[in-house]
$ cat data-v9.cif   # mmCIF, C-alpha atoms
data_final
loop_
_atom_site.group_PDB
_atom_site.id
_atom_site.type_symbol
_atom_site.label_atom_id
_atom_site.label_comp_id
_atom_site.auth_asym_id
_atom_site.auth_seq_id
_atom_site.Cartn_x
_atom_site.Cartn_y
_atom_site.Cartn_z
ATOM 1 C CA MET A 1145 86.549 98.271 127.494
ATOM 2 C CA ASP A 1146 83.397 96.122 127.436
ATOM 3 C CA LEU A 1147 82.750 97.124 123.836
ATOM 4 C CA ALA A 1148 86.359 96.349 122.892
ATOM 5 C CA GLU A 1149 86.047 92.901 124.482
ATOM 6 C CA VAL A 1150 82.830 92.157 122.567
ATOM 7 C CA TYR A 1151 84.483 93.347 119.356
ATOM 8 C CA ILE A 1152 87.561 91.192 119.911
ATOM 9 C CA LYS A 1153 85.586 88.080 120.811
ATOM 10 C CA SER A 1154 83.072 88.447 117.946
ATOM 11 C CA THR A 1155 84.874 86.144 115.599
ATOM 12 C CA PHE A 1156 82.013 85.076 113.379
ATOM 13 C CA PHE A 1157 82.265 85.446 109.615
ATOM 14 C CA ALA A 1158 80.352 84.414 106.522
ATOM 15 C CA PHE A 1159 81.778 82.523 103.571
ATOM 16 C CA ARG A 1160 79.681 81.268 100.635
ATOM 17 C CA ASP A 1161 76.427 81.800 102.530
ATOM 18 C CA GLN A 1162 77.667 79.819 105.542
ATOM 19 C CA PHE A 1163 78.525 81.284 108.959
ATOM 20 C CA TYR A 1164 81.676 80.230 110.785
ATOM 21 C CA GLU A 1165 83.358 81.067 114.063
ATOM 22 C CA GLU A 1166 87.089 81.742 114.152
ATOM 23 C CA THR A 1167 88.275 79.726 117.159
ATOM 24 C CA GLU A 1168 91.870 80.979 117.237
ATOM 25 C CA GLY A 1169 93.167 84.456 116.618
ATOM 26 C CA ALA A 1170 91.383 87.626 115.618
ATOM 27 C CA ALA A 1171 88.300 88.006 113.464
ATOM 28 C CA MET A 1172 89.046 87.835 109.743
ATOM 29 C CA GLY A 1173 88.365 91.107 107.977
ATOM 30 C CA SER A 1174 88.094 93.146 111.149
ATOM 31 C CA PRO A 1175 89.940 96.477 110.932
ATOM 32 C CA LEU A 1176 91.117 95.912 114.510
ATOM 33 C CA SER A 1177 92.629 92.484 113.789
ATOM 34 C CA PRO A 1178 95.908 93.663 112.178
ATOM 35 C CA VAL A 1179 96.574 95.958 115.138
ATOM 36 C CA LEU A 1180 95.910 93.210 117.680
ATOM 37 C CA VAL A 1181 97.935 90.669 115.727
ATOM 38 C CA ASN A 1182 100.859 93.089 115.486
ATOM 39 C CA ILE A 1183 100.765 93.713 119.253
ATOM 40 C CA TYR A 1184 100.660 89.966 119.896
ATOM 41 C CA MET A 1185 103.487 89.245 117.441
ATOM 42 C CA GLU A 1186 105.674 91.885 119.082
ATOM 43 C CA ALA A 1187 105.204 90.139 122.427
ATOM 44 C CA LEU A 1188 105.886 86.722 120.856
ATOM 45 C CA GLU A 1189 109.061 88.034 119.174
ATOM 46 C CA LYS A 1190 110.289 89.588 122.393
ATOM 47 C CA LYS A 1191 109.754 86.341 124.297
ATOM 48 C CA ALA A 1192 111.436 84.293 121.546
ATOM 49 C CA LEU A 1193 114.470 86.559 121.256
ATOM 50 C CA GLU A 1194 114.949 86.973 125.016
ATOM 51 C CA SER A 1195 114.744 83.234 125.676
ATOM 52 C CA THR A 1196 117.188 81.988 123.051
ATOM 53 C CA THR A 1197 120.915 81.509 123.459
ATOM 54 C CA LEU A 1198 121.915 82.246 119.866
ATOM 55 C CA LYS A 1199 120.311 85.423 118.578
ATOM 56 C CA PRO A 1200 119.983 86.835 115.063
ATOM 57 C CA LYS A 1201 122.124 89.842 114.213
ATOM 58 C CA CYS A 1202 118.976 91.649 113.098
ATOM 59 C CA TRP A 1203 115.246 90.897 113.050
ATOM 60 C CA TYR A 1204 112.820 92.848 110.850
ATOM 61 C CA ARG A 1205 109.153 91.988 110.506
ATOM 62 C CA TYR A 1206 106.379 93.403 108.362
ATOM 63 C CA VAL A 1207 102.989 91.822 109.117
ATOM 64 C CA ASP A 1208 103.839 88.103 108.744
ATOM 65 C CA ASP A 1209 107.142 88.337 106.854
ATOM 66 C CA THR A 1210 110.358 88.342 108.861
ATOM 67 C CA PHE A 1211 113.891 89.020 107.670
ATOM 68 C CA ILE A 1212 116.790 88.020 109.892
ATOM 69 C CA ILE A 1213 120.528 87.932 109.542
ATOM 70 C CA TRP A 1214 121.899 84.838 111.238
ATOM 71 C CA PRO A 1215 125.547 85.331 112.272
ATOM 72 C CA HIS A 1216 126.013 81.775 113.556
ATOM 73 C CA ARG A 1217 126.583 78.501 111.740
ATOM 74 C CA ARG A 1218 123.908 77.680 109.185
ATOM 75 C CA ASN A 1219 122.851 74.448 110.905
ATOM 76 C CA ASN A 1220 122.059 76.426 114.119
ATOM 77 C CA VAL A 1221 119.305 78.373 112.392
ATOM 78 C CA ALA A 1222 117.105 75.242 112.310
ATOM 79 C CA ASP A 1223 117.387 75.045 116.116
ATOM 80 C CA PHE A 1224 116.371 78.712 116.325
ATOM 81 C CA LEU A 1225 113.367 78.021 114.067
ATOM 82 C CA ASP A 1226 112.335 75.134 116.360
ATOM 83 C CA HIS A 1227 112.694 77.478 119.341
ATOM 84 C CA ILE A 1228 110.436 80.218 117.945
ATOM 85 C CA ASP A 1229 107.924 77.641 116.692
ATOM 86 C CA GLY A 1230 107.705 76.332 120.272
ATOM 87 C CA ILE A 1231 106.565 79.682 121.696
ATOM 88 C CA HIS A 1232 102.983 79.271 120.425
ATOM 89 C CA LEU A 1233 102.036 75.996 118.750
ATOM 90 C CA ASP A 1234 99.467 77.663 116.458
ATOM 91 C CA ILE A 1235 102.018 80.159 115.128
ATOM 92 C CA GLN A 1236 104.597 78.403 113.010
ATOM 93 C CA PHE A 1237 107.311 80.108 111.003
ATOM 94 C CA THR A 1238 108.695 78.973 107.677
ATOM 95 C CA MET A 1239 112.208 79.683 106.547
ATOM 96 C CA GLU A 1240 113.949 80.486 103.311
ATOM 97 C CA VAL A 1241 117.698 80.834 103.138
ATOM 98 C CA ASP A 1242 119.664 82.837 100.635
ATOM 99 C CA LYS A 1243 120.423 81.299 97.271
ATOM 100 C CA ASN A 1244 123.374 82.593 95.281
ATOM 101 C CA ALA A 1245 123.900 85.212 98.025
ATOM 102 C CA ALA A 1246 120.397 86.690 97.468
ATOM 103 C CA LEU A 1247 117.082 86.540 99.312
ATOM 104 C CA SER A 1248 113.773 88.283 98.649
ATOM 105 C CA PHE A 1249 111.932 90.128 101.396
ATOM 106 C CA LEU A 1250 108.608 91.685 100.402
ATOM 107 C CA ASP A 1251 109.370 93.531 97.126
ATOM 108 C CA VAL A 1252 113.106 93.849 97.801
ATOM 109 C CA LEU A 1253 115.850 91.508 96.635
ATOM 110 C CA VAL A 1254 118.634 91.664 99.217
ATOM 111 C CA GLU A 1255 122.021 90.627 97.824
ATOM 112 C CA ARG A 1256 125.218 89.920 99.725
ATOM 113 C CA LYS A 1257 128.098 91.619 97.941
ATOM 114 C CA PRO A 1258 131.603 90.115 97.792
ATOM 115 C CA ASP A 1259 132.785 92.576 100.469
ATOM 116 C CA GLY A 1260 130.081 91.322 102.872
ATOM 117 C CA THR A 1261 127.813 94.380 102.652
ATOM 118 C CA LEU A 1262 124.207 94.124 101.506
ATOM 119 C CA GLY A 1263 122.819 95.506 98.278
ATOM 120 C CA HIS A 1264 119.206 95.760 97.198
ATOM 121 C CA ARG A 1265 116.932 96.164 94.232
ATOM 122 C CA VAL A 1266 113.267 95.756 93.335
ATOM 123 C CA TYR A 1267 112.048 92.164 93.438
ATOM 124 C CA ARG A 1268 109.064 90.732 91.593
ATOM 125 C CA LYS A 1269 107.641 87.265 92.168
ATOM 126 C CA ARG A 1270 107.572 84.903 89.197
ATOM 127 C CA THR A 1271 103.798 85.338 89.098
ATOM 128 C CA HIS A 1272 104.057 89.141 88.706
ATOM 129 C CA THR A 1273 102.294 90.287 85.512
ATOM 130 C CA ASP A 1274 103.486 93.915 85.057
ATOM 131 C CA LYS A 1275 99.831 94.949 84.753
ATOM 132 C CA TYR A 1276 99.165 98.340 86.339
ATOM 133 C CA LEU A 1277 96.264 100.748 86.723
ATOM 134 C CA ASN A 1278 95.884 103.043 83.751
ATOM 135 C CA ALA A 1279 97.121 106.551 84.570
ATOM 136 C CA GLU A 1280 93.731 107.949 83.456
ATOM 137 C CA SER A 1281 91.737 105.738 85.833
ATOM 138 C CA HIS A 1282 90.136 107.313 88.851
ATOM 139 C CA HIS A 1283 92.484 106.186 91.605
ATOM 140 C CA HIS A 1284 94.269 108.097 94.313
ATOM 141 C CA PRO A 1285 97.473 109.821 93.059
ATOM 142 C CA ALA A 1286 99.407 108.204 95.899
ATOM 143 C CA GLN A 1287 99.142 104.932 93.974
ATOM 144 C CA ASN A 1288 101.479 106.330 91.295
ATOM 145 C CA THR A 1289 104.503 105.095 93.207
ATOM 146 C CA LEU A 1290 106.436 102.888 90.796
ATOM 147 C CA ILE A 1291 109.148 105.454 90.127
ATOM 148 C CA HIS A 1292 109.372 106.401 93.779
ATOM 149 C CA ARG A 1293 109.613 102.722 94.733
ATOM 150 C CA ALA A 1294 112.390 102.204 92.193
ATOM 151 C CA GLN A 1295 114.319 105.180 93.566
ATOM 152 C CA ILE A 1296 113.929 104.091 97.190
ATOM 153 C CA ILE A 1297 114.599 100.371 96.772
ATOM 154 C CA SER A 1298 117.144 100.203 93.974
ATOM 155 C CA GLU A 1299 120.776 100.922 94.622
ATOM 156 C CA PRO A 1300 122.172 103.447 92.127
ATOM 157 C CA ARG A 1301 123.796 100.636 90.125
ATOM 158 C CA HIS A 1302 120.362 99.001 89.583
ATOM 159 C CA LEU A 1303 118.193 102.112 89.127
ATOM 160 C CA ALA A 1304 118.595 102.508 85.352
ATOM 161 C CA GLU A 1305 117.723 98.834 84.833
ATOM 162 C CA GLU A 1306 114.594 99.187 86.999
ATOM 163 C CA LEU A 1307 113.449 102.376 85.226
ATOM 164 C CA GLU A 1308 113.892 100.633 81.867
ATOM 165 C CA HIS A 1309 111.802 97.715 83.158
ATOM 166 C CA LEU A 1310 109.062 100.197 84.096
ATOM 167 C CA ARG A 1311 109.234 101.893 80.668
ATOM 168 C CA THR A 1312 108.795 98.521 78.971
ATOM 169 C CA ALA A 1313 105.954 97.481 81.283
ATOM 170 C CA LEU A 1314 104.069 100.761 80.880
ATOM 171 C CA ARG A 1315 104.473 100.657 77.105
ATOM 172 C CA GLY A 1316 103.092 97.121 77.242
ATOM 173 C CA ASN A 1317 100.077 98.491 79.104
ATOM 174 C CA GLY A 1318 99.513 101.062 76.354
ATOM 175 C CA GLU A 1319 100.788 104.054 78.284
ATOM 176 C CA ILE A 1320 104.022 105.652 79.347
ATOM 177 C CA SER A 1321 104.629 108.035 82.231
ATOM 178 C CA ASN A 1322 105.986 111.494 81.331
ATOM 179 C CA GLU A 1323 108.638 110.973 83.998
ATOM 180 C CA LEU A 1324 109.834 107.821 82.218
ATOM 181 C CA SER A 1325 109.564 108.912 78.601
ATOM 182 C CA GLY A 1326 112.913 110.736 78.550
#

$ encode --input "data-v9.cif" --output "structure tokens"
Amino acid sequence: MDLAEVYIKSTFFAFRDQFYEETEGAAMGSPLSPVLVNIYMEALEKKALESTTLKPKCWYRYVDDTFIIWPHRRNNVADFLDHIDGIHLDIQFTMEVDKNAALSFLDVLVERKPDGTLGHRVYRKRTHTDKYLNAESHHHPAQNTLIHRAQIISEPRHLAEELEHLRTALRGNGEISNELSG
């Protein structure tokens, strides 16, 4: 435990030949930091959700991105944001609301269908370049996940469109996957 405490409190780092001390949070670049931050965020979420009157219908978080479904009036969500921001003054959330019944979360575009159910497809930020590692490069085979990602994320009605996007992107990179060439 003594070693763990030293490791946690050793928050010094170097940047451009200068040494700095992180005064809040975990040490940048430490392999233990994401684990500790996740544990802390789980406790913060629990406190925030247990202490609020109006609760989200669902709450999903991956690292520092959170997706919620808010079943109450839209203007109440700002009060909820103020509430969770008040739990720890150094941890402040930002909020995006759906536009045209769609909202991105990580690499998924979640769309509200006319019947009220949710659909999904692959999402790419505007800054995405469609540049990928060459299939002949020496990288781990597990990184060849574009097709798998398309199959997992895209609803059947969007899968053909996503696979065509991948064909075009891979051709643009001077290669095409055997799985996509058909």

$ residues_around --input "data-v9.cif" --residues "Met1239 (chain A)" --least-positions-apart "3" --cutoff "10 Å" --atoms "all atoms listed in the file" --output "VMD selection string"
chain A and resid 1210 to 1211 1221 to 1222 1225

$ residues_around --input "data-v9.cif" --residues "region 1294-1298 of chain A" --least-positions-apart "6" --cutoff "6 Å" --atoms "only C-alpha atoms" --output "JSON, numbers by chain"
{"A": [1264, 1265, 1266]}

$ closest_residue --input "data-v9.cif" --among "A:Ile1228, A:Leu1147, A:Leu1314, A:Met1172" --to "Thr1197 (chain A)" --atoms "all atoms listed in the file"
A:Ile1228

$ closest_residue --input "data-v9.cif" --among "A:Thr1167, A:Ser1154, A:Asp1226, A:Gly1318" --to "Glu1280 (chain A)" --atoms "only C-alpha atoms"
A:Gly1318

$ residues_around --input "data-v9.cif" --residues "Leu1250 (chain A)" --least-positions-apart "4" --cutoff "9 Å" --atoms "all atoms listed in the file" --output "list in words"
Tyr1206, Asp1209, Tyr1267 and Arg1268 of chain A

$ residues_around --input "data-v9.cif" --residues "Asp1274 (chain A)" --least-positions-apart "6" --cutoff "9 Å" --atoms "all atoms listed in the file" --output "ChimeraX atom specification"
/A:1310,1313-1314,1316-1317

$ resolve_selection --input "data-v9.cif" --expression "the PyMOL selection byres ((chain A and resi 1192-1196) around 12)" --output "MDAnalysis selection string"
chainID A and resid 1185:1191 1197:1203 1212 1220:1221 1223:1232

$ atom_distance --input "data-v9.cif" --atom1 "CA of Leu1303 (chain A)" --atom2 "CA of His1283 (chain A)"
26.1 Å

$ closest_residue --input "data-v9.cif" --among "A:Glu1166, A:Phe1249, A:Glu1299, A:Lys1257" --to "Tyr1204 (chain A)" --atoms "only C-alpha atoms"
A:Phe1249

$ atom_distance --input "data-v9.cif" --atom1 "CA of Val1254 (chain A)" --atom2 "CA of Pro1300 (chain A)"
14.2 Å

$ closest_residue --input "data-v9.cif" --among "A:Ala1245, A:Val1150, A:Leu1253, A:Ile1235" --to "Val1181 (chain A)" --atoms "only C-alpha atoms"
A:Ile1235

$ atom_distance --input "data-v9.cif" --atom1 "CA of Val1179 (chain A)" --atom2 "CA of Phe1163 (chain A)"
24.1 Å

$ closest_residue --input "data-v9.cif" --among "A:Val1241, A:Leu1180, A:Ala1171, A:Ile1291" --to "Phe1156 (chain A)" --atoms "only C-alpha atoms"
A:Ala1171

$ decode --input "data-v9.cif" --residues "region 1151-1215 of chain A" --atoms "C-alpha atoms" --output "PDB file, in the first residue's frame"
ATOM      1  CA  TYR A1151       2.883   5.995  -7.105  1.00  0.00           C
ATOM      2  CA  ILE A1152      -0.432   7.833  -6.862  1.00  0.00           C
ATOM      3  CA  LYS A1153       1.074  10.955  -5.317  1.00  0.00           C
ATOM      4  CA  SER A1154       4.040  11.119  -7.733  1.00  0.00           C
ATOM      5  CA  THR A1155       2.433  13.544 -10.098  1.00  0.00           C
ATOM      6  CA  PHE A1156       5.503  15.078 -11.674  1.00  0.00           C
ATOM      7  CA  PHE A1157       5.896  15.140 -15.443  1.00  0.00           C
ATOM      8  CA  ALA A1158       8.178  16.671 -18.039  1.00  0.00           C
ATOM      9  CA  PHE A1159       7.076  18.787 -20.976  1.00  0.00           C
ATOM     10  CA  ARG A1160       9.493  20.535 -23.364  1.00  0.00           C
ATOM     11  CA  ASP A1161      12.435  20.026 -21.007  1.00  0.00           C
ATOM     12  CA  GLN A1162      10.546  21.537 -18.060  1.00  0.00           C
ATOM     13  CA  PHE A1163       9.288  19.617 -15.012  1.00  0.00           C
ATOM     14  CA  TYR A1164       5.800  20.210 -13.651  1.00  0.00           C
ATOM     15  CA  GLU A1165       3.698  18.866 -10.813  1.00  0.00           C
ATOM     16  CA  GLU A1166       0.080  17.909 -11.434  1.00  0.00           C
ATOM     17  CA  THR A1167      -1.758  19.461  -8.479  1.00  0.00           C
ATOM     18  CA  GLU A1168      -5.185  17.943  -9.147  1.00  0.00           C
ATOM     19  CA  GLY A1169      -6.036  14.477 -10.339  1.00  0.00           C
ATOM     20  CA  ALA A1170      -3.827  11.590 -11.346  1.00  0.00           C
ATOM     21  CA  ALA A1171      -0.415  11.699 -12.970  1.00  0.00           C
ATOM     22  CA  MET A1172      -0.565  12.255 -16.725  1.00  0.00           C
ATOM     23  CA  GLY A1173       0.694   9.276 -18.682  1.00  0.00           C
ATOM     24  CA  SER A1174       0.639   6.900 -15.741  1.00  0.00           C
ATOM     25  CA  PRO A1175      -0.829   3.490 -16.617  1.00  0.00           C
ATOM     26  CA  LEU A1176      -2.615   3.537 -13.253  1.00  0.00           C
ATOM     27  CA  SER A1177      -4.304   6.905 -13.859  1.00  0.00           C
ATOM     28  CA  PRO A1178      -7.156   5.684 -16.121  1.00  0.00           C
ATOM     29  CA  VAL A1179      -8.074   3.011 -13.575  1.00  0.00           C
ATOM     30  CA  LEU A1180      -8.087   5.479 -10.683  1.00  0.00           C
ATOM     31  CA  VAL A1181      -9.999   8.077 -12.676  1.00  0.00           C
ATOM     32  CA  ASN A1182     -12.607   5.491 -13.665  1.00  0.00           C
ATOM     33  CA  ILE A1183     -13.064   4.433 -10.023  1.00  0.00           C
ATOM     34  CA  TYR A1184     -13.414   8.075  -8.983  1.00  0.00           C
ATOM     35  CA  MET A1185     -15.862   8.870 -11.795  1.00  0.00           C
ATOM     36  CA  GLU A1186     -18.030   5.898 -10.837  1.00  0.00           C
ATOM     37  CA  ALA A1187     -18.270   7.265  -7.297  1.00  0.00           C
ATOM     38  CA  LEU A1188     -19.005  10.785  -8.595  1.00  0.00           C
ATOM     39  CA  GLU A1189     -21.731   9.449 -10.922  1.00  0.00           C
ATOM     40  CA  LYS A1190     -23.312   7.436  -8.141  1.00  0.00           C
ATOM     41  CA  LYS A1191     -23.395  10.465  -5.844  1.00  0.00           C
ATOM     42  CA  ALA A1192     -24.795  12.694  -8.612  1.00  0.00           C
ATOM     43  CA  LEU A1193     -27.519  10.259  -9.651  1.00  0.00           C
ATOM     44  CA  GLU A1194     -28.557   9.367  -6.093  1.00  0.00           C
ATOM     45  CA  SER A1195     -28.810  13.006  -5.019  1.00  0.00           C
ATOM     46  CA  THR A1196     -30.905  14.370  -7.878  1.00  0.00           C
ATOM     47  CA  THR A1197     -34.677  14.518  -8.064  1.00  0.00           C
ATOM     48  CA  LEU A1198     -35.012  14.141 -11.832  1.00  0.00           C
ATOM     49  CA  LYS A1199     -32.932  11.267 -13.153  1.00  0.00           C
ATOM     50  CA  PRO A1200     -31.911  10.311 -16.688  1.00  0.00           C
ATOM     51  CA  LYS A1201     -33.597   7.275 -18.201  1.00  0.00           C
ATOM     52  CA  CYS A1202     -30.156   5.853 -18.945  1.00  0.00           C
ATOM     53  CA  TRP A1203     -26.554   6.881 -18.277  1.00  0.00           C
ATOM     54  CA  TYR A1204     -23.634   5.390 -20.223  1.00  0.00           C
ATOM     55  CA  ARG A1205     -20.056   6.556 -19.844  1.00  0.00           C
ATOM     56  CA  TYR A1206     -16.853   5.616 -21.619  1.00  0.00           C
ATOM     57  CA  VAL A1207     -13.791   7.343 -20.136  1.00  0.00           C
ATOM     58  CA  ASP A1208     -14.913  11.008 -20.257  1.00  0.00           C
ATOM     59  CA  ASP A1209     -17.831  10.754 -22.697  1.00  0.00           C
ATOM     60  CA  THR A1210     -21.314  10.271 -21.280  1.00  0.00           C
ATOM     61  CA  PHE A1211     -24.530   9.478 -23.121  1.00  0.00           C
ATOM     62  CA  ILE A1212     -27.830   9.990 -21.334  1.00  0.00           C
ATOM     63  CA  ILE A1213     -31.455   9.840 -22.306  1.00  0.00           C
ATOM     64  CA  TRP A1214     -33.363  12.600 -20.554  1.00  0.00           C
ATOM     65  CA  PRO A1215     -37.068  11.718 -20.215  1.00  0.00           C
TER      66      PRO A1215
END
